[in-house]
Amino acid sequence: MTDQVSVSDTQTKSPRLWIPERVLFTPAALDEDWGQQILTRVQSLNLPIEELSQNRLKGLRGESERDTYNIAKRTLAVVTAPPSSLKLSPIPPSADWQFHLAEGCPAHCQYCYLAGSLSGPPVIRAFANLPQILENLANYEQHGKTTSFEVSCYTDPLGIEHLTGSLAECIRYFGTRPNAHLRWVSKFDAVDGLLDLPHNGHTRCRMSVNAAPISGKFEGGTASVASRLNALRRLALPQERGGGGYPVGLVIAPIMPIDDWQMHYISLFDQINEALDFDCNLTFELISHRFTPGSKEVLQTWYPQSKLEMDEAKRSVKRNKFGGTKYVYEKDTMKALRSFFESEISRRFPNAEVLYWT
């Protein structure tokens with residue numbers, strides 16, 4: 001029996017699962033063995049399936065951008081990743097490289113990191129040529145040192161795992177690679193199918209969490225923070241105690257200096273303490289809220305009634321080497337936030353590592 005802690009009322013809740021209203025398969029996806037496996041999974045859930053006549057997705061646009069968003073967010077499209085996706089990009093500070101088993105996310109976070117990053121309607125696209133994607137990763141492994149790969153940049157892989165099985169396949173693959181490690185992060189909690197996998201310590205499972213006023217107001221369609229923490233506990237517990245025995249991590253993001261922010265984040269740390277009340281391999285990643293002109297424009301069409309603060313006059317401008325612009329918090333605010341989080345983590349989790357602050 002799994003050793004669980006009473007983090008809120010998570011014991012009585014079923015995992016949060018996204019169920020699309022329709023599932024589209026392209027001909028190329030159905031030609032793939034992994035595409036056929038996804039088809040079998042979707043059929044077992046009795047979901048409406050459409051087999052397309054060509055490899056282009058159509059019928060995803062509504063009369064307005066908001067309508068288009070709603071149509072796309074209710075659709076799973078099983079497609080093949082294009083050849084260009086096999087040319088990986090570095091993703092510091094999260095990992096050495098990023099790769100993708102899907103694009104698009106089933107959650108409804110009003111600060112969505114994908115806004116402005118992916119073109120077209122935000123349909124969730126799962127890739128049917130997963131074996132080819134995994135085989136390609138060996139080309140990026142560095143001899144003599146561990147190479148890390150992030151798989152959560154363009155999707156929440158756990159949020160669609162019950163439909164695809166692709167995250168478990170990735171974990172199995174990395175369990176066989178002596179010098180390659182996998183990293184994924186989620187706001188969902190359906191981890192049962194991952195607990196018994198032969199990961200060999202090569203996968204770090206992370207949950208994205210935030211203070212209650214932020215997660216409650218801005219993270220629609222996700223599992224509660226309490227449920228995420230209970231899922232992380234189960235992933236981290238030793239296998240002899242019914243857990244997965246994984247290295248784990250917490251991504252606290254996006255950090256915001258809301259009213260009484262210290263009090264709310266102290267409450268979050270209390271929850272984390274309760275969930276992870278045993279020795280485990282734990283890391284933290286700390287990400288303050290930021291936005292770009294493009295992401296702000298997209299988010300305001302997706303969530304026109306949102307109360308998310310995106311006032312350029314209250315921010316500092318940060319430019320990257322490619323000329324892109326981000327709006328981040330002012331220097332003194334960033335300094336206060338960083339000092340608080342690093343101090344709390346050092347005090348409460350002295351053996352944990354803070355991988356980065358940004």
# chains A, B, ... in the order shown; residues from 1 in each chain; ligands from 1
$ closest_atom_pairs --of "segment 244-331 of chain A" --to "segment 183-207 of chain A" --cutoff "10 Å" --atoms "only C-alpha atoms" --output "Markdown table"
| residue | atom | partner | partner_atom | distance |
| --- | --- | --- | --- | --- |
| A:Gly244 | CA | A:Leu195 | CA | 4.1 |
| A:Gly245 | CA | A:Gly201 | CA | 7.7 |
| A:Tyr246 | CA | A:Gly201 | CA | 5.9 |
| A:Pro247 | CA | A:Arg204 | CA | 4.8 |
| A:Val248 | CA | A:Cys205 | CA | 4.7 |
| A:Gly249 | CA | A:Arg206 | CA | 4.3 |
| A:Leu250 | CA | A:Met207 | CA | 5.2 |
| A:Val251 | CA | A:Met207 | CA | 6.0 |
| A:Ile252 | CA | A:Met207 | CA | 8.4 |
| A:Asn281 | CA | A:Arg204 | CA | 9.0 |
| A:Leu282 | CA | A:Arg204 | CA | 9.0 |
| A:Thr283 | CA | A:Arg206 | CA | 8.6 |
| A:Phe284 | CA | A:Arg206 | CA | 8.9 |
| A:Glu285 | CA | A:Arg206 | CA | 9.4 |
$ select_by_dssp --residues "segment 9-139 of chain A" --states "helix (DSSP H, G or I)" --output "PyMOL selection string"
chain A and resi 10-12+27-30+33-44+65-73+83-86+130-139
$ write_last_selection --atoms "N, CA and C atoms" --output "short mmCIF file (atom, residue, chain, number, x, y, z; two decimals), in the first residue's frame"
data_model
loop_
_atom_site.label_atom_id
_atom_site.label_comp_id
_atom_site.auth_asym_id
_atom_site.auth_seq_id
_atom_site.Cartn_x
_atom_site.Cartn_y
_atom_site.Cartn_z
N THR A 10 -6.46 14.96 -0.33
CA THR A 10 -6.08 14.30 -1.58
C THR A 10 -6.43 12.83 -1.61
N GLN A 11 -6.56 12.18 -0.45
CA GLN A 11 -6.82 10.75 -0.46
C GLN A 11 -8.16 10.40 -1.08
N THR A 12 -9.13 11.32 -1.00
CA THR A 12 -10.48 11.00 -1.47
C THR A 12 -10.71 11.46 -2.91
N PRO A 27 -3.27 10.79 -41.27
CA PRO A 27 -2.85 9.52 -41.89
C PRO A 27 -1.43 9.13 -41.50
N ALA A 28 -0.52 10.12 -41.45
CA ALA A 28 0.86 9.81 -41.09
C ALA A 28 0.96 9.27 -39.68
N ALA A 29 0.14 9.80 -38.77
CA ALA A 29 0.16 9.32 -37.38
C ALA A 29 -0.32 7.87 -37.30
N LEU A 30 -1.33 7.54 -38.07
CA LEU A 30 -1.86 6.18 -38.05
C LEU A 30 -0.91 5.18 -38.70
N ASP A 33 3.57 2.91 -35.51
CA ASP A 33 3.19 1.94 -34.48
C ASP A 33 2.76 2.65 -33.20
N TRP A 34 3.48 3.71 -32.83
CA TRP A 34 3.11 4.43 -31.60
C TRP A 34 1.77 5.15 -31.78
N GLY A 35 1.50 5.61 -32.98
CA GLY A 35 0.19 6.20 -33.26
C GLY A 35 -0.93 5.20 -33.08
N GLN A 36 -0.68 3.95 -33.47
CA GLN A 36 -1.68 2.90 -33.28
C GLN A 36 -1.88 2.61 -31.79
N GLN A 37 -0.81 2.69 -31.00
CA GLN A 37 -0.95 2.49 -29.56
C GLN A 37 -1.79 3.59 -28.93
N ILE A 38 -1.56 4.83 -29.38
CA ILE A 38 -2.38 5.94 -28.88
C ILE A 38 -3.84 5.74 -29.29
N LEU A 39 -4.06 5.29 -30.54
CA LEU A 39 -5.42 5.02 -31.00
C LEU A 39 -6.11 4.01 -30.10
N THR A 40 -5.42 2.95 -29.73
CA THR A 40 -5.99 1.93 -28.85
C THR A 40 -6.36 2.53 -27.50
N ARG A 41 -5.50 3.37 -26.95
CA ARG A 41 -5.78 4.02 -25.67
C ARG A 41 -7.03 4.89 -25.76
N VAL A 42 -7.10 5.68 -26.81
CA VAL A 42 -8.23 6.60 -26.96
C VAL A 42 -9.53 5.82 -27.18
N GLN A 43 -9.46 4.76 -27.97
CA GLN A 43 -10.65 3.94 -28.19
C GLN A 43 -11.16 3.32 -26.89
N SER A 44 -10.23 2.94 -26.00
CA SER A 44 -10.63 2.32 -24.72
C SER A 44 -11.37 3.31 -23.83
N GLU A 65 -10.97 34.96 -31.67
CA GLU A 65 -9.79 34.31 -31.10
C GLU A 65 -10.16 33.51 -29.86
N ARG A 66 -11.10 34.01 -29.09
CA ARG A 66 -11.54 33.29 -27.89
C ARG A 66 -12.24 32.00 -28.28
N ASP A 67 -13.07 32.02 -29.33
CA ASP A 67 -13.72 30.80 -29.82
C ASP A 67 -12.68 29.80 -30.31
N THR A 68 -11.70 30.30 -31.03
CA THR A 68 -10.62 29.43 -31.53
C THR A 68 -9.90 28.76 -30.37
N TYR A 69 -9.61 29.55 -29.33
CA TYR A 69 -8.95 29.01 -28.13
C TYR A 69 -9.79 27.87 -27.54
N ASN A 70 -11.08 28.09 -27.38
CA ASN A 70 -11.95 27.08 -26.77
C ASN A 70 -12.03 25.81 -27.60
N ILE A 71 -12.12 25.95 -28.92
CA ILE A 71 -12.17 24.77 -29.79
C ILE A 71 -10.86 23.99 -29.69
N ALA A 72 -9.75 24.71 -29.80
CA ALA A 72 -8.44 24.06 -29.80
C ALA A 72 -8.15 23.36 -28.48
N LYS A 73 -8.51 24.01 -27.37
CA LYS A 73 -8.20 23.45 -26.05
C LYS A 73 -9.04 22.22 -25.72
N PRO A 83 10.39 16.85 -39.34
CA PRO A 83 11.84 16.58 -39.28
C PRO A 83 12.62 17.66 -38.55
N SER A 84 12.16 18.91 -38.61
CA SER A 84 12.88 20.01 -37.96
C SER A 84 12.94 19.83 -36.45
N SER A 85 11.99 19.07 -35.88
CA SER A 85 11.97 18.88 -34.43
C SER A 85 13.11 17.97 -33.96
N LEU A 86 13.74 17.27 -34.89
CA LEU A 86 14.84 16.40 -34.53
C LEU A 86 16.15 17.18 -34.38
N LEU A 130 7.15 8.81 -31.77
CA LEU A 130 7.96 8.88 -30.56
C LEU A 130 9.23 8.04 -30.63
N PRO A 131 9.19 6.80 -31.12
CA PRO A 131 10.45 6.03 -31.20
C PRO A 131 11.54 6.75 -31.99
N GLN A 132 11.18 7.41 -33.07
CA GLN A 132 12.16 8.17 -33.86
C GLN A 132 12.71 9.34 -33.04
N ILE A 133 11.83 10.01 -32.31
CA ILE A 133 12.25 11.14 -31.47
C ILE A 133 13.24 10.68 -30.41
N LEU A 134 12.95 9.56 -29.76
CA LEU A 134 13.83 9.05 -28.71
C LEU A 134 15.17 8.57 -29.29
N GLU A 135 15.12 7.88 -30.41
CA GLU A 135 16.35 7.38 -31.02
C GLU A 135 17.29 8.53 -31.38
N ASN A 136 16.73 9.66 -31.75
CA ASN A 136 17.54 10.81 -32.15
C ASN A 136 18.31 11.42 -30.98
N LEU A 137 17.84 11.20 -29.76
CA LEU A 137 18.47 11.85 -28.60
C LEU A 137 19.91 11.41 -28.39
N ALA A 138 20.22 10.19 -28.78
CA ALA A 138 21.60 9.69 -28.60
C ALA A 138 22.61 10.57 -29.33
N ASN A 139 22.18 11.25 -30.38
CA ASN A 139 23.09 12.12 -31.12
C ASN A 139 23.53 13.33 -30.31
#
$ select_by_dssp --residues "segment 79-216 of chain A" --states "strand (DSSP E or B)" --output "ChimeraX atom specification"
/A:79,89-91,95-98,102-103,108-109,124-127,147-150,180-186,203-209
$ closest_residue --among "A:Ser64, A:Glu150, A:Ser94, A:Gly159" --to "Phe174 of chain A" --atoms "only C-alpha atoms"
A:Glu150
$ atom_distance --atom1 "atom CA of Pro48 of chain A" --atom2 "atom CA of Gly62 of chain A"
19.7 Å
$ residues_around --residues "Asp270 of chain A" --least-positions-apart "4" --cutoff "12 Å" --atoms "only C-alpha atoms" --output "list in words"
Val7, Ser8, Ala211, Ala226, Leu229, Met263, His264, Tyr265, Ile266, Glu274, Ala275, Leu276, Asp277, Glu344, Ile345, Arg348 and Phe349 of chain A
$ residues_around --residues "Pro93 of chain A" --least-positions-apart "6" --cutoff "12 Å" --atoms "only C-alpha atoms" --output "PyMOL selection string"
chain A and resi 148-150+285-287+354-358
$ write_last_selection --atoms "N, CA, C and O atoms" --output "mmCIF file, in the first residue's frame"
data_model
loop_
_atom_site.group_PDB
_atom_site.id
_atom_site.type_symbol
_atom_site.label_atom_id
_atom_site.label_comp_id
_atom_site.auth_asym_id
_atom_site.auth_seq_id
_atom_site.Cartn_x
_atom_site.Cartn_y
_atom_site.Cartn_z
ATOM 1 N N SER A 148 21.443 16.251 -19.850
ATOM 2 C CA SER A 148 20.063 16.351 -19.382
ATOM 3 C C SER A 148 19.150 16.822 -20.506
ATOM 4 O O SER A 148 19.522 17.664 -21.325
ATOM 5 N N PHE A 149 17.933 16.265 -20.519
ATOM 6 C CA PHE A 149 16.939 16.563 -21.550
ATOM 7 C C PHE A 149 15.623 16.946 -20.878
ATOM 8 O O PHE A 149 15.100 16.201 -20.048
ATOM 9 N N GLU A 150 15.094 18.098 -21.262
ATOM 10 C CA GLU A 150 13.814 18.593 -20.733
ATOM 11 C C GLU A 150 12.711 18.284 -21.740
ATOM 12 O O GLU A 150 12.849 18.559 -22.932
ATOM 13 N N GLU A 285 13.474 24.968 -8.367
ATOM 14 C CA GLU A 285 13.666 25.929 -9.444
ATOM 15 C C GLU A 285 12.726 27.089 -9.179
ATOM 16 O O GLU A 285 11.525 26.880 -8.955
ATOM 17 N N LEU A 286 13.258 28.309 -9.186
ATOM 18 C CA LEU A 286 12.507 29.493 -8.773
ATOM 19 C C LEU A 286 12.399 30.453 -9.952
ATOM 20 O O LEU A 286 13.411 30.940 -10.465
ATOM 21 N N ILE A 287 11.168 30.721 -10.383
ATOM 22 C CA ILE A 287 10.948 31.501 -11.599
ATOM 23 C C ILE A 287 9.957 32.623 -11.302
ATOM 24 O O ILE A 287 8.788 32.372 -10.990
ATOM 25 N N VAL A 354 19.018 24.450 -4.887
ATOM 26 C CA VAL A 354 18.324 25.428 -5.713
ATOM 27 C C VAL A 354 19.063 25.490 -7.039
ATOM 28 O O VAL A 354 20.206 25.935 -7.106
ATOM 29 N N LEU A 355 18.424 25.022 -8.094
ATOM 30 C CA LEU A 355 19.109 24.940 -9.387
ATOM 31 C C LEU A 355 19.295 26.312 -10.029
ATOM 32 O O LEU A 355 20.312 26.567 -10.657
ATOM 33 N N TYR A 356 18.305 27.187 -9.869
ATOM 34 C CA TYR A 356 18.438 28.528 -10.432
ATOM 35 C C TYR A 356 17.312 29.413 -9.927
ATOM 36 O O TYR A 356 16.269 28.949 -9.471
ATOM 37 N N TRP A 357 17.561 30.699 -9.999
ATOM 38 C CA TRP A 357 16.550 31.750 -9.816
ATOM 39 C C TRP A 357 16.525 32.555 -11.100
ATOM 40 O O TRP A 357 17.565 32.913 -11.651
ATOM 41 N N THR A 358 15.357 32.850 -11.594
ATOM 42 C CA THR A 358 15.261 33.691 -12.774
ATOM 43 C C THR A 358 13.999 34.536 -12.699
ATOM 44 O O THR A 358 13.070 34.220 -11.985
#
$ closest_residue --among "A:Ser267, A:Thr292, A:Lys13, A:Pro350" --to "Asn320 of chain A" --atoms "only C-alpha atoms"
A:Thr292
$ atom_distance --atom1 "atom CA of Arg234 of chain A" --atom2 "atom CA of Arg74 of chain A"
29.3 Å
$ residues_around --residues "Lys145 of chain A" --least-positions-apart "6" --cutoff "10 Å" --atoms "only C-alpha atoms" --output "list in words"
Pro178, Asn179 and Ala180 of chain A
$ write_last_selection --atoms "N, CA, C and O atoms" --output "JSON list (two decimals), in the first residue's frame"
[["chain", "number", "residue", "atom", "x", "y", "z"],
["A", 178, "PRO", "N", 23.00, 5.24, -19.82],
["A", 178, "PRO", "CA", 23.87, 5.47, -18.66],
["A", 178, "PRO", "C", 24.27, 6.93, -18.47],
["A", 178, "PRO", "O", 24.55, 7.35, -17.34],
["A", 179, "ASN", "N", 24.27, 7.72, -19.53],
["A", 179, "ASN", "CA", 24.75, 9.11, -19.42],
["A", 179, "ASN", "C", 23.71, 10.14, -19.85],
["A", 179, "ASN", "O", 24.08, 11.26, -20.25],
["A", 180, "ALA", "N", 22.44, 9.79, -19.75],
["A", 180, "ALA", "CA", 21.39, 10.73, -20.13],
["A", 180, "ALA", "C", 20.29, 10.74, -19.08],
["A", 180, "ALA", "O", 19.88, 9.68, -18.59]]
